[in-house]
Every structure is written in structure tokens, then in C-alpha cells.
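Colleague: To be precise about what I am sending: the file is called run.cif and holds mmCIF, C-alpha atoms.
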data_final
#
loop_
_atom_site.group_PDB
_atom_site.id
_atom_site.type_symbol
_atom_site.label_atom_id
_atom_site.label_comp_id
_atom_site.auth_asym_id
_atom_site.auth_seq_id
_atom_site.Cartn_x
_atom_site.Cartn_y
_atom_site.Cartn_z
ATOM 1 C CA MET A 46 47.035 170.151 99.582
ATOM 2 C CA ALA A 47 47.969 173.732 98.946
ATOM 3 C CA GLN A 48 49.698 174.608 95.724
ATOM 4 C CA SER A 49 51.877 177.616 94.980
ATOM 5 C CA THR A 50 49.982 180.632 93.728
ATOM 6 C CA SER A 51 50.827 184.212 92.925
ATOM 7 C CA SER A 52 50.385 186.668 95.781
ATOM 8 C CA ASN A 53 49.168 190.251 95.593
ATOM 9 C CA SER A 54 52.742 191.410 95.040
ATOM 10 C CA GLY A 55 52.966 189.378 91.840
ATOM 11 C CA LYS A 56 55.622 187.147 93.363
ATOM 12 C CA LYS A 57 54.971 183.439 93.697
ATOM 13 C CA LEU A 58 53.802 182.348 97.129
ATOM 14 C CA VAL A 59 55.706 179.704 99.063
ATOM 15 C CA GLN A 60 53.580 178.087 101.749
ATOM 16 C CA ILE A 61 55.479 176.255 104.473
ATOM 17 C CA ASP A 62 53.934 174.006 107.123
ATOM 18 C CA VAL A 63 56.346 173.255 109.963
ATOM 19 C CA SER A 64 55.818 170.505 112.522
ATOM 20 C CA SER A 65 58.037 171.074 115.535
ATOM 21 C CA ASP A 66 58.372 170.839 119.295
ATOM 22 C CA THR A 67 59.562 173.767 121.383
ATOM 23 C CA VAL A 68 62.124 171.610 123.244
ATOM 24 C CA CYS A 69 63.713 170.240 120.060
ATOM 25 C CA PRO A 70 67.051 172.008 119.469
ATOM 26 C CA TRP A 71 67.187 170.949 115.813
ATOM 27 C CA CYS A 72 63.810 172.647 115.329
ATOM 28 C CA PHE A 73 65.371 175.951 116.368
ATOM 29 C CA VAL A 74 68.414 175.323 114.164
ATOM 30 C CA GLY A 75 66.067 174.567 111.281
ATOM 31 C CA LYS A 76 64.051 177.718 111.946
ATOM 32 C CA ARG A 77 67.147 179.920 111.909
ATOM 33 C CA ASN A 78 68.295 178.332 108.628
ATOM 34 C CA LEU A 79 64.810 178.650 107.151
ATOM 35 C CA ASP A 80 64.803 182.341 108.092
ATOM 36 C CA LYS A 81 68.142 182.779 106.293
ATOM 37 C CA ALA A 82 66.753 181.097 103.188
ATOM 38 C CA ILE A 83 63.641 183.278 103.257
ATOM 39 C CA ALA A 84 65.728 186.440 103.649
ATOM 40 C CA ALA A 85 67.829 185.436 100.645
ATOM 41 C CA CYS A 86 64.741 184.806 98.492
ATOM 42 C CA LYS A 87 62.370 187.559 99.632
ATOM 43 C CA ASP A 88 62.795 189.499 96.391
ATOM 44 C CA GLN A 89 61.694 186.437 94.463
ATOM 45 C CA PHE A 90 58.925 184.940 96.615
ATOM 46 C CA ASP A 91 56.356 185.774 99.247
ATOM 47 C CA PHE A 92 56.102 183.380 102.170
ATOM 48 C CA GLU A 93 53.352 182.009 104.392
ATOM 49 C CA ILE A 94 54.630 179.959 107.321
ATOM 50 C CA LYS A 95 52.417 177.995 109.698
ATOM 51 C CA TRP A 96 53.678 176.200 112.798
ATOM 52 C CA HIS A 97 52.120 172.940 113.954
ATOM 53 C CA PRO A 98 52.586 170.948 117.166
ATOM 54 C CA PHE A 99 54.579 167.795 117.802
ATOM 55 C CA PHE A 100 55.328 166.182 121.158
ATOM 56 C CA LEU A 101 58.743 164.583 121.545
ATOM 57 C CA ASN A 102 57.648 163.410 124.983
ATOM 58 C CA PRO A 103 53.841 163.441 125.317
ATOM 59 C CA SER A 104 54.069 162.334 128.957
ATOM 60 C CA ALA A 105 56.563 165.035 130.006
ATOM 61 C CA PRO A 106 55.611 166.434 133.442
ATOM 62 C CA LYS A 107 53.963 169.828 133.632
ATOM 63 C CA GLU A 108 55.973 170.791 136.710
ATOM 64 C CA GLY A 109 59.259 170.256 134.874
ATOM 65 C CA VAL A 110 62.431 168.281 135.576
ATOM 66 C CA ASN A 111 66.116 169.196 135.514
ATOM 67 C CA LYS A 112 67.110 169.520 131.848
ATOM 68 C CA ARG A 113 70.623 168.087 132.116
ATOM 69 C CA GLU A 114 69.508 165.181 134.309
ATOM 70 C CA TYR A 115 66.722 164.409 131.837
ATOM 71 C CA TYR A 116 69.223 164.316 128.954
ATOM 72 C CA GLU A 117 71.529 162.036 130.922
ATOM 73 C CA LYS A 118 68.669 159.687 131.784
ATOM 74 C CA LYS A 119 67.325 159.644 128.217
ATOM 75 C CA PHE A 120 70.607 159.356 126.298
ATOM 76 C CA GLY A 121 72.893 157.704 128.862
ATOM 77 C CA SER A 122 76.561 157.689 127.871
ATOM 78 C CA ARG A 123 75.725 159.599 124.660
ATOM 79 C CA ALA A 124 74.366 162.635 126.526
ATOM 80 C CA GLU A 125 77.598 164.614 126.841
ATOM 81 C CA GLY A 126 78.454 164.032 123.189
ATOM 82 C CA ILE A 127 75.027 165.256 122.124
ATOM 83 C CA ILE A 128 75.317 168.357 124.312
ATOM 84 C CA THR A 129 78.806 169.103 122.955
ATOM 85 C CA ARG A 130 77.526 168.731 119.387
ATOM 86 C CA MET A 131 74.542 171.023 119.983
ATOM 87 C CA THR A 132 76.789 173.592 121.664
ATOM 88 C CA GLU A 133 78.932 173.652 118.522
ATOM 89 C CA VAL A 134 75.939 173.862 116.172
ATOM 90 C CA PHE A 135 74.417 176.741 118.162
ATOM 91 C CA ARG A 136 77.755 178.558 118.305
ATOM 92 C CA ASN A 137 77.878 178.455 114.506
ATOM 93 C CA LEU A 138 74.531 180.273 114.546
ATOM 94 C CA GLY A 139 75.902 182.893 116.924
ATOM 95 C CA LEU A 140 74.004 181.419 119.886
ATOM 96 C CA GLU A 141 75.031 179.977 123.235
ATOM 97 C CA TYR A 142 73.439 176.599 123.990
ATOM 98 C CA ASN A 143 72.286 176.600 127.606
ATOM 99 C CA MET A 144 71.589 173.345 129.448
ATOM 100 C CA SER A 145 70.500 174.963 132.716
ATOM 101 C CA GLY A 146 66.935 175.053 133.969
ATOM 102 C CA LEU A 147 64.022 172.706 133.503
ATOM 103 C CA THR A 148 62.395 170.786 130.689
ATOM 104 C CA GLY A 149 58.904 169.326 130.635
ATOM 105 C CA SER A 150 55.482 169.521 129.035
ATOM 106 C CA THR A 151 55.265 171.688 125.926
ATOM 107 C CA LEU A 152 51.464 171.625 125.700
ATOM 108 C CA ASP A 153 50.928 175.181 126.901
ATOM 109 C CA SER A 154 53.561 176.486 124.486
ATOM 110 C CA HIS A 155 51.757 174.784 121.590
ATOM 111 C CA ARG A 156 48.413 176.183 122.752
ATOM 112 C CA LEU A 157 49.968 179.643 122.800
ATOM 113 C CA ILE A 158 51.550 179.186 119.358
ATOM 114 C CA TYR A 159 48.121 178.222 117.990
ATOM 115 C CA PHE A 160 46.582 181.292 119.680
ATOM 116 C CA ALA A 161 49.260 183.576 118.247
ATOM 117 C CA GLY A 162 48.518 182.217 114.780
ATOM 118 C CA GLN A 163 44.929 183.415 115.125
ATOM 119 C CA GLN A 164 46.307 186.956 115.470
ATOM 120 C CA GLY A 165 48.678 186.688 112.530
ATOM 121 C CA LEU A 166 51.220 184.262 111.114
ATOM 122 C CA ASP A 167 54.034 186.780 111.623
ATOM 123 C CA LYS A 168 53.203 186.893 115.326
ATOM 124 C CA GLN A 169 53.177 183.105 115.431
ATOM 125 C CA HIS A 170 56.556 182.869 113.707
ATOM 126 C CA ASN A 171 58.061 185.505 116.003
ATOM 127 C CA LEU A 172 56.641 183.780 119.075
ATOM 128 C CA VAL A 173 58.368 180.524 118.124
ATOM 129 C CA GLU A 174 61.628 182.480 117.910
ATOM 130 C CA GLU A 175 61.185 184.004 121.386
ATOM 131 C CA LEU A 176 60.205 180.686 122.973
ATOM 132 C CA CYS A 177 63.225 178.939 121.491
ATOM 133 C CA LEU A 178 65.620 181.732 122.402
ATOM 134 C CA GLY A 179 64.480 181.639 126.006
ATOM 135 C CA TYR A 180 64.460 177.882 126.385
ATOM 136 C CA PHE A 181 67.657 177.033 124.506
ATOM 137 C CA THR A 182 69.883 180.009 125.313
ATOM 138 C CA GLN A 183 68.607 181.485 128.600
ATOM 139 C CA GLY A 184 67.610 178.462 130.668
ATOM 140 C CA LYS A 185 63.923 179.447 130.721
ATOM 141 C CA TYR A 186 61.318 176.745 131.382
ATOM 142 C CA ILE A 187 59.001 176.118 128.440
ATOM 143 C CA GLY A 188 56.134 175.238 130.787
ATOM 144 C CA GLU A 189 56.310 178.335 132.971
ATOM 145 C CA ARG A 190 53.305 180.597 132.491
ATOM 146 C CA GLU A 191 55.251 183.782 133.217
ATOM 147 C CA PHE A 192 57.850 182.961 130.552
ATOM 148 C CA LEU A 193 55.195 182.092 127.972
ATOM 149 C CA LEU A 194 53.344 185.358 128.561
ATOM 150 C CA GLU A 195 56.586 187.335 128.476
ATOM 151 C CA CYS A 196 57.285 185.903 125.004
ATOM 152 C CA ALA A 197 53.719 186.600 123.880
ATOM 153 C CA SER A 198 54.011 190.202 125.029
ATOM 154 C CA LYS A 199 57.297 190.696 123.180
ATOM 155 C CA VAL A 200 55.730 189.767 119.840
ATOM 156 C CA GLY A 201 52.430 191.602 120.355
ATOM 157 C CA VAL A 202 50.110 188.693 121.114
ATOM 158 C CA GLU A 203 47.155 190.032 123.074
ATOM 159 C CA GLY A 204 44.993 188.163 125.582
ATOM 160 C CA GLY A 205 47.503 185.398 126.243
ATOM 161 C CA ALA A 206 46.948 185.276 130.009
ATOM 162 C CA GLU A 207 43.187 184.846 129.669
ATOM 163 C CA PHE A 208 43.645 182.263 126.939
ATOM 164 C CA LEU A 209 46.090 180.089 128.889
ATOM 165 C CA GLU A 210 44.080 180.398 132.102
ATOM 166 C CA ASP A 211 41.514 177.902 130.800
ATOM 167 C CA ALA A 212 43.325 174.611 130.146
ATOM 168 C CA ASN A 213 40.738 173.700 127.506
ATOM 169 C CA ASN A 214 41.435 176.734 125.310
ATOM 170 C CA GLY A 215 43.242 175.610 122.165
ATOM 171 C CA LEU A 216 43.368 171.974 123.296
ATOM 172 C CA LYS A 217 41.013 170.711 120.598
ATOM 173 C CA GLU A 218 42.828 172.705 117.921
ATOM 174 C CA VAL A 219 46.260 171.482 119.022
ATOM 175 C CA ASN A 220 45.043 167.878 118.884
ATOM 176 C CA GLU A 221 43.453 168.425 115.479
ATOM 177 C CA GLU A 222 46.687 169.883 114.099
ATOM 178 C CA LEU A 223 48.649 167.069 115.695
ATOM 179 C CA ASN A 224 46.520 164.528 113.854
ATOM 180 C CA LYS A 225 46.522 166.415 110.557
ATOM 181 C CA TYR A 226 50.175 167.434 110.292
ATOM 182 C CA SER A 227 52.204 165.274 112.655
ATOM 183 C CA SER A 228 50.560 161.875 113.068
ATOM 184 C CA HIS A 229 52.430 160.431 110.066
ATOM 185 C CA ILE A 230 55.916 161.615 111.042
ATOM 186 C CA SER A 231 58.339 160.164 113.581
ATOM 187 C CA GLY A 232 60.555 163.177 114.224
ATOM 188 C CA VAL A 233 60.921 166.922 113.924
ATOM 189 C CA PRO A 234 61.492 169.414 112.481
ATOM 190 C CA HIS A 235 59.404 168.406 109.483
ATOM 191 C CA TYR A 236 58.550 170.780 106.649
ATOM 192 C CA VAL A 237 55.966 170.571 103.882
ATOM 193 C CA ILE A 238 56.600 173.180 101.199
ATOM 194 C CA ASN A 239 53.709 174.113 98.917
ATOM 195 C CA GLY A 240 51.884 170.984 99.993
ATOM 196 C CA LYS A 241 54.143 168.630 98.080
ATOM 197 C CA HIS A 242 57.844 168.857 98.941
ATOM 198 C CA GLN A 243 58.835 167.393 102.308
ATOM 199 C CA LEU A 244 62.030 168.012 104.268
ATOM 200 C CA SER A 245 63.139 166.811 107.696
ATOM 201 C CA GLY A 246 65.821 167.905 110.131
ATOM 202 C CA GLY A 247 67.815 171.089 110.664
ATOM 203 C CA GLN A 248 68.530 171.597 106.985
ATOM 204 C CA PRO A 249 71.005 174.266 105.792
ATOM 205 C CA PRO A 250 69.588 177.355 104.047
ATOM 206 C CA GLU A 251 70.622 176.102 100.592
ATOM 207 C CA VAL A 252 68.335 173.068 100.878
ATOM 208 C CA PHE A 253 65.343 175.263 101.662
ATOM 209 C CA MET A 254 66.214 177.590 98.796
ATOM 210 C CA ARG A 255 66.300 174.704 96.328
ATOM 211 C CA ALA A 256 62.948 173.510 97.608
ATOM 212 C CA PHE A 257 61.424 176.958 97.052
ATOM 213 C CA GLN A 258 62.567 176.823 93.413
ATOM 214 C CA VAL A 259 61.425 173.250 92.798
ATOM 215 C CA THR A 260 57.949 173.747 94.237
ATOM 216 C CA THR A 261 57.201 176.963 92.349
ATOM 217 C CA ASN A 262 58.291 175.839 88.871
#
Now that the file is in, can you turn its structure into C-alpha cells?
Modeller:
Amino acid sequence: MAQSTSSNSGKKLVQIDVSSDTVCPWCFVGKRNLDKAIAACKDQFDFEIKWHPFFLNPSAPKEGVNKREYYEKKFGSRAEGIITRMTEVFRNLGLEYNMSGLTGSTLDSHRLIYFAGQQGLDKQHNLVEELCLGYFTQGKYIGEREFLLECASKVGVEGGAEFLEDANNGLKEVNEELNKYSSHISGVPHYVINGKHQLSGGQPPEVFMRAFQVTTN
């Protein structure tokens, strides 16, 4: 596993592997808090973040289903409480939690995230942000090709349409990453920091900041 090293800037390098699913609201909460922690520590460390796939519902339909109805079917009487809680959590991040639209298969989003990573980890990280913003706050469907390509375009990913056109592109790599990074975990978000320190859930920035310190000492 990777260990912390010094980067070209002379600052210690913090490597972060994130397993997540693009329809997991706590993954977006965790990303926003991780970004805050990184911003607070950027004078002290350099960062390398890699995103890896996880499927909360591997059998989710590609054509999509009503998001609210899916929540109600999955969580039953707890659904409204969960939605109210997420609305509050998102509001504290300055975001509006949107339950409109569809939910469904996240495979194409994970293929695109892998593809973005081949063009640069910054592009990959920014793509995750755009996908989550659209899905969680604008009612966009995570499986819609037009939405995926719109996000790719916003962050400068080139060739996304051609890549997604062939359903086999990125499939092997997504499955390999799934086995390597996510086969041993039962939920997301899951973080491995410098190959040794593991965190789960939408942790507050302070927890990430402590982990940066611990893993670089």
C-alpha cells in the first residue's frame, strides 16, 4: 500500500483513495467536508485523490425509476425521516437536497469517472462534484447520457461521448477497481488515507485533518 512521501513542493503528500457511489448522499457530504479539510491544510500538504466505484444497488435499472418512490419502497416508514435528515444536512452545507427526478444504475457514471481519471485526477475529482451537484440538488438522472456528458464538458474531460458509446469501455477497469478497493467494505463513503488509515461515512472536516496528521508523522 502507498505510503506518504514528499512531493516536488517539499510538502508531504497525502494520498486518499475514496470508494463511493454517485447516488449516495453521504458520499457527497463526505466529499464536501474532505474538500474543506484539504483547503485548510493545503499549505502543509499536497494531496492526491483517487475515486473508486461502489454499487449501493448493483441491480438498479438503467432506465431509471422515480427517486422518491424508490426511497419509500426501500426504507418504508423511515423514508420521510431520512429525507428530512438529509435535507437538513445538505442545508448546513449551503445546498438544497432535491428528491425529484429518477434514480437508477450508476455504472455509466463510474465508467466516466474512471475515464476522467485517465485525463487527470483533478478532472476526476471535479467530475464527481458536478455529478453529485446535478443528481442531489437539481433532480438530474445519474444514468442519463446527456447529463453525464454535460458534467464531463464542464470539467474539461474530452472524448466522453465516444467513450460511453461503447458499453465495454471502462467496464473491465471499473470491475477491477471494485474488487481491489470496495469488495471488503459494506458501505460508502470509505476512505483510505496514505494506504493505512481508514475512515467511513460523511466525516466532518476535523476528522480528515487529524487523519492527515497521523498518517504523515
Colleague: Using the chain letters and residue numbers of this document, give as a PyMOL selection string the residues selected by the PyMOL selection byres ((chain A and resi 157) around 9).
Modeller: chain A and resi 152-156+158-162+169+172+193-194+197+205+208-209+215
Colleague: Would you translate the PyMOL selection byres ((chain A and resi 189) around 10) into the concrete set of residues it matches in this file, as an MDAnalysis selection string?
Modeller: chainID A and resid 107:109 147:151 153:154 185:188 190:194
Colleague: Using atom CA of Arg113 of chain A and atom CA of Glu195 of chain A as the two end points, give the distance in Å to one decimal.
Modeller: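 Interatomic distance, atom CA of Arg113 of chain A to atom CA of Glu195 of chain A: 24.1 Å.
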Colleague: Using all atoms listed in the file, what does the table of segment 58-114 of chain A residues within 12 Å of segment 228-234 of chain A look like, with each row giving the shortest atom pair and its distance in Å to one decimal, sorted by chain and ascending number, as a Markdown table?
Modeller:
| residue | atom | partner | partner_atom | distance |
| --- | --- | --- | --- | --- |
| A:Asp62 | CA | A:Pro234 | CA | 10.3 |
| A:Val63 | CA | A:Pro234 | CA | 6.9 |
| A:Ser64 | CA | A:Pro234 | CA | 5.8 |
| A:Ser65 | CA | A:Pro234 | CA | 4.9 |
| A:Asp66 | CA | A:Val233 | CA | 7.1 |
| A:Thr67 | CA | A:Pro234 | CA | 10.1 |
| A:Val68 | CA | A:Val233 | CA | 10.5 |
| A:Cys69 | CA | A:Val233 | CA | 7.5 |
| A:Pro70 | CA | A:Pro234 | CA | 9.3 |
| A:Trp71 | CA | A:Pro234 | CA | 6.8 |
| A:Cys72 | CA | A:Pro234 | CA | 4.9 |
| A:Phe73 | CA | A:Pro234 | CA | 8.5 |
| A:Val74 | CA | A:Pro234 | CA | 9.3 |
| A:Gly75 | CA | A:Pro234 | CA | 7.0 |
| A:Lys76 | CA | A:Pro234 | CA | 8.7 |
| A:Arg77 | CA | A:Pro234 | CA | 11.9 |
| A:Asn78 | CA | A:Pro234 | CA | 11.9 |
| A:Leu79 | CA | A:Pro234 | CA | 11.2 |
| A:Trp96 | CA | A:Pro234 | CA | 10.4 |
| A:His97 | CA | A:Pro234 | CA | 10.1 |
| A:Pro98 | CA | A:Val233 | CA | 9.8 |
| A:Phe99 | CA | A:Val233 | CA | 7.5 |
| A:Phe100 | CA | A:Val233 | CA | 9.2 |
| A:Leu101 | CA | A:Gly232 | CA | 7.7 |
| A:Asn102 | CA | A:Gly232 | CA | 11.1 |
Colleague: Grab the atom CA of Pro106 of chain A to atom CA of Leu176 of chain A distance for me, in Å with one decimal place.
Modeller: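 Atom-to-atom, atom CA of Pro106 of chain A and atom CA of Leu176 of chain A are spaced 18.3 Å apart.
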Colleague: Selected by the PyMOL selection byres ((chain A and resi 119-130) around 12) in the shown coordinates: which residues, as a list in words?
Modeller: Pro70, Trp71, Leu101, Asn102, Lys112, Arg113, Glu114, Tyr115, Tyr116, Glu117, Lys118, Met131, Thr132, Glu133, Val134, Phe135, Arg136, Asn137, Glu141, Tyr142, Asn143, Met144, Ser145 and Phe181 of chain A
Colleague: Could you tell me how far atom CA of Lys217 of chain A lies from atom CA of Gln163 of chain A, in Å and to one decimal?
Modeller: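 Rounded to one decimal, the two atoms are 14.4 Å apart.
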Colleague: Excluding same-chain residues fewer than 6 positions from Phe92 of chain A, what lies within 8 Å of it counting only C-alpha atoms, as a ChimeraX atom specification?
Modeller: /A:58-61,83
Colleague: Please produce a file of the residues just selected, as an mmCIF file, in the coordinates of the input, where the atoms kept are C-alpha atoms.
Modeller:
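The new file again03.cif reads:
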data_model
loop_
_atom_site.group_PDB
_atom_site.id
_atom_site.type_symbol
_atom_site.label_atom_id
_atom_site.label_comp_id
_atom_site.auth_asym_id
_atom_site.auth_seq_id
_atom_site.Cartn_x
_atom_site.Cartn_y
_atom_site.Cartn_z
ATOM 1 C CA LEU A 58 53.802 182.348 97.129
ATOM 2 C CA VAL A 59 55.706 179.704 99.063
ATOM 3 C CA GLN A 60 53.580 178.087 101.749
ATOM 4 C CA ILE A 61 55.479 176.255 104.473
ATOM 5 C CA ILE A 83 63.641 183.278 103.257
#
Colleague: Which residue out of A:Pro249, A:Ala84, A:Gly139, A:Lys95 has the minimum interatomic distance to Val237 of chain A when only C-alpha atoms are used?
Modeller: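 Comparing A:Pro249, A:Ala84, A:Gly139, A:Lys95 against Val237 of chain A, the winner is A:Lys95.
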